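Take a look at the structure set out below.
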Amino acid sequence: MRSKSVAPVPRRPSPSPARSRPAPENGGSTDSCRVRVAVRVRPKNSEELAHDADFDSCVELQPESKRLKLKKNNWSCESYKFDEVFSENASQKRVYEVVAKPVVESVLEGYNGTVMAYGQTGTGKTYTVGRLGKHDPSERGIMVRALEHIISSMSFETDRVAISYLQLYLESVQDLLAPEKTNIPIVEDAKTGEVSLPGAAIVEIKDLEHVFQLLQIGEANRHASNTKMNTESSRSHAILIIHLQRSSRIKEENSCSLSNDTHDIFPDDLPLVLKSKLLIVDLAGSERIDKSGSEGHMIEEAKFINLSLTSLGKCINALAENSPHIPTRDSKLTRILRDSFGGTARTSLVVTIGPSSRHYSETSSTILFGQRAMKVVNTIKLKEEVDYENLYKKMEREVDQLTSEMERQQKLIKSEKILVDKKLKETERSFHDLRVTSSMQIENLEKEKCQLESAVQKLMQDLEEEKCQKNLLSEQIIGLEKLLSENKQQQQLENLSKTKILTDTTKEHEKEMGELLRQLEEERCCSSSMKDHMSILQQQLCDAQSSAQLQETMARDLEKKLTKVTEEFTSQVQSLKQTISELISEKEVIYEELKSTQEKVQQEIWQRQDLEDQILRLKQTTSDNYAEESKTSCGMVRSGLGNAAFVSKSGKLRETGTISKIFEEVGLPNVLALLKSEDLDVQIHAVKVVANLAAEDINQERIVEEGGLDALLSLLETSENTTIHRVTAGAIANLAMNGLNQGVIMSKGGARLLANVASKTDDPQTLRMVAGGIANLCGNEKLHLMLKQDGGIKALLGMFRSGHADVIAQIARGIANFAKCESRVISQGHRKGRSLLIEEGVLTWMVANSTRFSASTRRHIELAFCHLAQNDGNTCDIIASGGIKELLRISRESPREDARNLAKKALDSNPAFLKEVQ
């Protein structure tokens with residue numbers, strides 16, 4: 001938080017580090033922070049007009065100089081100066097614009113503000129502040145006009161406005177929007193000094209019609225009585241608190257004046273939110289008992305009113321005199337208004353007086369009060385906080401986007417890696433096939449070459465054999481020629497003696513010669529054919545050599561192609577290797593990221609184990625007080641389950657601190673994750689932690705958003721453990737305190753599951769938690785029909801079998817909530833016909849048991865009975881069940897005035913009831 005101090009006050013130090021911002025008006029001077037006081041004189045009433053001579057005016061107005069003269073008699077008068085003086089003819093609009101509008105505009109800028117009316121009873125305080133003027137807009141008071149101004153100035157897409165309406169009656173703070181809430185505590189933050197009222201209903205508004213409805217409800221619940229001085233005298237102080245939350249962004253012209261340290265603490269990119277509140281206070285009128293004619297209980301009311309106003313006057317006197325001690329703790333009124341006088345709010349006070357000299361002393365006292373209030377100086381502060389909720393959601397969305405982008409990149413890298421591996425395998429396969437094919441072709445060429453070489457060698461061998469045969473024949477021919485020459489010589493030598501023999505021999509030799517010549521000729525023919533064959537073989541050898549050369553050329557071409565393919569493949573392999581190395585490096589980076597993620601997961605696992613250990617240790621501190629802690633949880637706001645649910649009074653602070661520490665260190669998602677633990681003890685205590693967190697309004701919507709409701713409903717449906725049922729039902733009951741969560745609980749079958757648990761168990765503590773949850777759901781009129789269909793009303797009545805006082809108290813509270821909401825819907829014309837409660841047999845049970853229980857339980861039953869009696873559609877059932885006697889008893893004997901009034905109203909407005917009474 002950061003705040004801005006405009007005027008220093010030595011009595012109260014600034015509660016937090018401040019950052020200066022321009023004051024809304026007058027340049028931040030001390031006068032701009034002084035309490036602004038206006039005086040308004042009401043017109044003479046009928047009594048004063050009737051006795052005009054006896055009741056002369058003791059007040060003389062000088063509006064142009066903003067002065068007022070108070071005349072004690074004809075020769076003695078005193079003059080007083082105020083910030084504004086309104087005559088009896090001043091309009092409501094002008095009063096608002098002068099008194100309240102500057103405060104409202106300051107509140108819209110982020111400062112706290114207070115508008116208060118003070119004066120004697122019957123002088124027009126409620127008319128000035130609380131007049132609704134629904135049918136005549138000119139009659140509207142400050143409350144309605146301020147809310148109309150705020151609604152028209154806000155954007156409901158980014159801004160929020162909510163109201164609380166309280167009354168201080170007999171020194172007890174009561175909620176006018178939820179009358180069952182009484183004695184609401186007043187809490188002061190030790191660090192910031194801010195005053196808060198935990199437990200008061202805070203209703204978010206969207207339009208002016210909703211504002212009228214809420215203010216009408218509050219006025220109907222406010223205490224008022226008839227006195228001699230006022231027919232409708234307020235017997236309590238009414239306080240309307242308007243809570244504003246607006247988104248903010250520091251502008252450059254404002255940020256230039258900020259210090260460096262503050263700028264470091266609040267950087268410009270953080271979402272900021274302005275939080276402010278406006279208090280509109282309608283004080284009860286001060287009175288004298290002898291003049292007002294108060295009697296009996298009204299005397300007691302007057303005592304408390306005068307006591308609180310006296311305490312307020314003491315505080316104003318002390319502040320005006322700069323006293324070192326301010327008695328703000330003497331009264332609850334002064335505690336609530338601590339920021340309004342001498343605090344951090346911009347305050348405007350309108351004092352109302354009557355003109356009659358009969359009430360001179362009261363008028364003088366009122367004027368002196370206003371004069372002293374003008375001396376009070378406040379230190380207004382701007383409350384500007386970092387909007388951690390929106391910042392958390394923004395960061396969560398960014399983390400989700402980065403996570404999804406990382407997952408997408410990982411998937412893309414993985415798919416690319418698979419594709420590259422696939423291409424690499426295909427390339428290796430094609431390269432292997434190419435190598436196999438090339439080797440086969442080379443082997444075939446080598447085989448063909450070997451075959452050709454063997455054929456050439458065979459041809460050469462045949463040629464050599466032919467040459468040898470030719471040489472042999474030539475030698476034989478030479479030998480025959482020699483033999484022939486020798487024979488011729490012998491024949492010549494032996495001619496003489498052997499002429500005849502020679503002749504015969506010559507003939508024989510000639511024959512042989514002819515035969516040999518013929519053989520020689522055949523040999524020559526054979527030799528020529530062999531030469532021809534040899535030439536053919538040589539030609540075949542040449543052809544084979546040319547074919548071998550061609551094959552060698554083809555082999556060289558194939559080797560070149562193979563070399564080229566090998567080089568290309570090698571380059572592809574190198575690029576693939578480079579790609580693989582890049583993928584490996586990316587894989588290493590991903591592995592490092594995965595490793596860091598695993599370390600984070602391991603740290604979360606350790607944190608979860610630490611949380612489980614802390615919950616197990618927490619089990620030891622809560623086991624002894626378990627019975628008392630369940631009982632203590634019953635008496636809280638709405639559901640009977642509050643901030644102290646599941647802890648005893650003695651151990652409340654210790655365990656609440658432990659739970660807060662666990663929640664801050666571990667976080668809600670991890671706590672919800674423990675609901676699925678296999679250890680039953682861890683599961684039980686995790687549910688207890690969630691139940692305690694759900695007891696605080698700020699955590700309820702977040703638990704549902706994080707899936708906590710789904711986990712609780714699943715646990716309630718699947719678990720068979722009684723303790724789980726009891727604690728889970730309590731957690732759901734706490735979540736049902738939030739109106740936005742009620743519809744979600746019903747839509748997810750929460751009422752049906754609670755009814756099932758109620759039908760299966762007789763444990764009174766479990767039944768009390770279930771009854772509290774259903775009772776909270778009964779407070780939403782939009783869910784009544786669904787609640788009946790899911791068996792919620794039958795389950796509520798069925799739990800009466802336990803006979804336990806706390807269970808019956810929750811049953812009665814649920815019936816009262818149901819009847820009240822149903823009565824309101826029927827009165828507004830949104831629904832007609834017989835009550836759903838009567839259809840389920842609730843009326844018979846109420847008539848039979850209305851006087852059997854404790855006072856608080858009887859009060860709820862009486863209120864439910866009175867609300868049912870407001871519906872004309874229930875008349876026949878009430879008469880038939882003997883309810884007329886019960887209405888008469890309530891109208892006469894009920895200790896609560898509102899119940900008696902409702903019963904009398906039902907009896908007087910219904911002709912059938914009047915006839916039965918007569």
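Order determines the names: the first chain of the structure tokens is A, the second B, and so forth; residues in each chain are numbered 1 upward, and ligands are numbered 1 upward as they are shown.
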
Problem - Ala673 of chain A environment, 10 Å, only C-alpha atoms, sequence neighbours closer than 4 positions dropped, as a ChimeraX atom specification - result: /A:608,668-669,677,683,686,707-708,711

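The nearest approach to Gly342 of chain A among the residues A:Ile793, A:Leu208, A:Val273, A:Ile316, with only C-alpha atoms taken into account, belongs to A:Ile316.
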
Problem - Counting only C-alpha atoms, the option among A:Ala190, A:Cys876, A:Ile241, A:Leu132 closest to Leu215 of chain A - result: A:Leu132

Problem - All residues 6 Å or closer to segment 333-336 of chain A, only C-alpha atoms, same chain fewer than 3 positions away omitted, as number ranges by chain - result: A: 312, 328-329

Exercise for the section: Write out as a list in words which residues come within 12 Å of Ala805 of chain A when counting only C-alpha atoms, dropping same-chain ones fewer than 2 positions away. Expected result: Lys631, Cys634, Pro764, Gln765, Leu767, Arg768, Met799, Phe800, Arg801, Ser802, Gly803, Val807, Ile808, Ala809, Gln810, Ile811, Ala812, Arg852, Phe853, Ser854, Ala855, Ser856, Thr857 and Arg858 of chain A

Exercise for the section: Calculate how many Å separate atom CA of Ala906 of chain A from atom CA of Ala775 of chain A, rounding to one decimal. Expected result: 24.6 Å

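Every protein or nucleic acid residue with an atom no more than 12 Å from Cys315 of chain A, counting only C-alpha atoms and leaving out same-chain residues fewer than 5 positions away, appears here: Ser308, Leu309, Thr310, Ala320, Glu321, Asn322, Ser323, Pro324, His325, Ile326, Pro327, Thr328, Arg329, Asp330, Ser331, Leu333, Thr334, Arg335, Leu337, Arg338, Asp339, Ser340, Phe341, Gly342, Gly343, Phe369, Arg372, Ala373 and Val376 of chain A.
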
Practice task
From a DSSP pass on the backbone, collect the residues of segment 681-841 of chain A flagged as alpha helix (DSSP H) and hand them back as a PyMOL selection string.
Solution key: chain A and resi 681-694+697-705+708-718+722-735+739-747+750-760+764-778+784-789+792-798+805-827+836-839

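Residue nearest Lys820 of chain A within the list A:Gln62, A:Gln549, A:Gln870, A:Asn901: A:Gln870 [criterion: smallest interatomic distance, only C-alpha atoms].
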
Practice task
Check the DSSP output for the backbone and give back, as a PyMOL selection string, the residues of segment 99-243 of chain A in strand (DSSP E or B).
Solution key: chain A and resi 111-120+160-169+172-175+187-188+195-196+203-204+224-225+233-234+237-243

Within 7 Å of segment 80-93 of chain A: each segment 98-156 of chain A residue with its shortest pair, only C-alpha atoms, as CSV:
residue,atom,partner,partner_atom,distance
A:Thr128,CA,A:Gln92,CA,7.0
A:Ser138,CA,A:Gln92,CA,6.7
A:Glu139,CA,A:Gln92,CA,6.2
A:Arg140,CA,A:Gln92,CA,6.7
A:Gly141,CA,A:Gln92,CA,6.3

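When only C-alpha atoms are used to compute distances to Leu49 of chain A, the closest of the residues A:Glu696, A:Pro355, A:Lys414, A:Gln461 turns out to be A:Pro355.
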
Practice task
Can you pull out every residue within 12 Å of Lys71 of chain A, counting only C-alpha atoms, but drop anything in the same chain fewer than 4 positions away, and send it as a PyMOL selection string?
Solution key: chain A and resi 56-61+75-80+355-361+363-364

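You can rank A:Ile442, A:Leu483, A:Val436, A:Val350 by their closest distance to Ala555 of chain A using only C-alpha atoms, and at the top of that list sits A:Ile442.
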
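Neighbours of Arg834 of chain A closer than or equal to 10 Å, with only C-alpha atoms counted and sequence neighbours fewer than 5 positions away skipped, come out as Glu839, Leu868, Asn871, Asp872, Gly873, Asn874, Thr875, Cys876 and Asp877 of chain A.
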
Output the selection as a PDB file, in the first residue's frame - C-alpha atoms for each residue.
ATOM      1  CA  GLU A 839     -45.012 -28.953   0.092  1.00  0.00           C
ATOM      2  CA  LEU A 868     -44.650 -18.087   5.617  1.00  0.00           C
ATOM      3  CA  ASN A 871     -47.852 -15.429   1.592  1.00  0.00           C
ATOM      4  CA  ASP A 872     -51.598 -15.617   0.879  1.00  0.00           C
ATOM      5  CA  GLY A 873     -51.022 -18.933  -0.884  1.00  0.00           C
ATOM      6  CA  ASN A 874     -50.155 -20.556   2.463  1.00  0.00           C
ATOM      7  CA  THR A 875     -53.321 -19.385   4.276  1.00  0.00           C
ATOM      8  CA  CYS A 876     -55.288 -22.654   4.042  1.00  0.00           C
ATOM      9  CA  ASP A 877     -52.313 -24.771   5.187  1.00  0.00           C
TER      10      ASP A 877
END

Completion exercise
Min atom-atom distance to Cys866 of chain A from the set A:Leu70, A:Leu517, A:Ala899, A:Ile239, counting only C-alpha atoms, belongs to A:Ala899
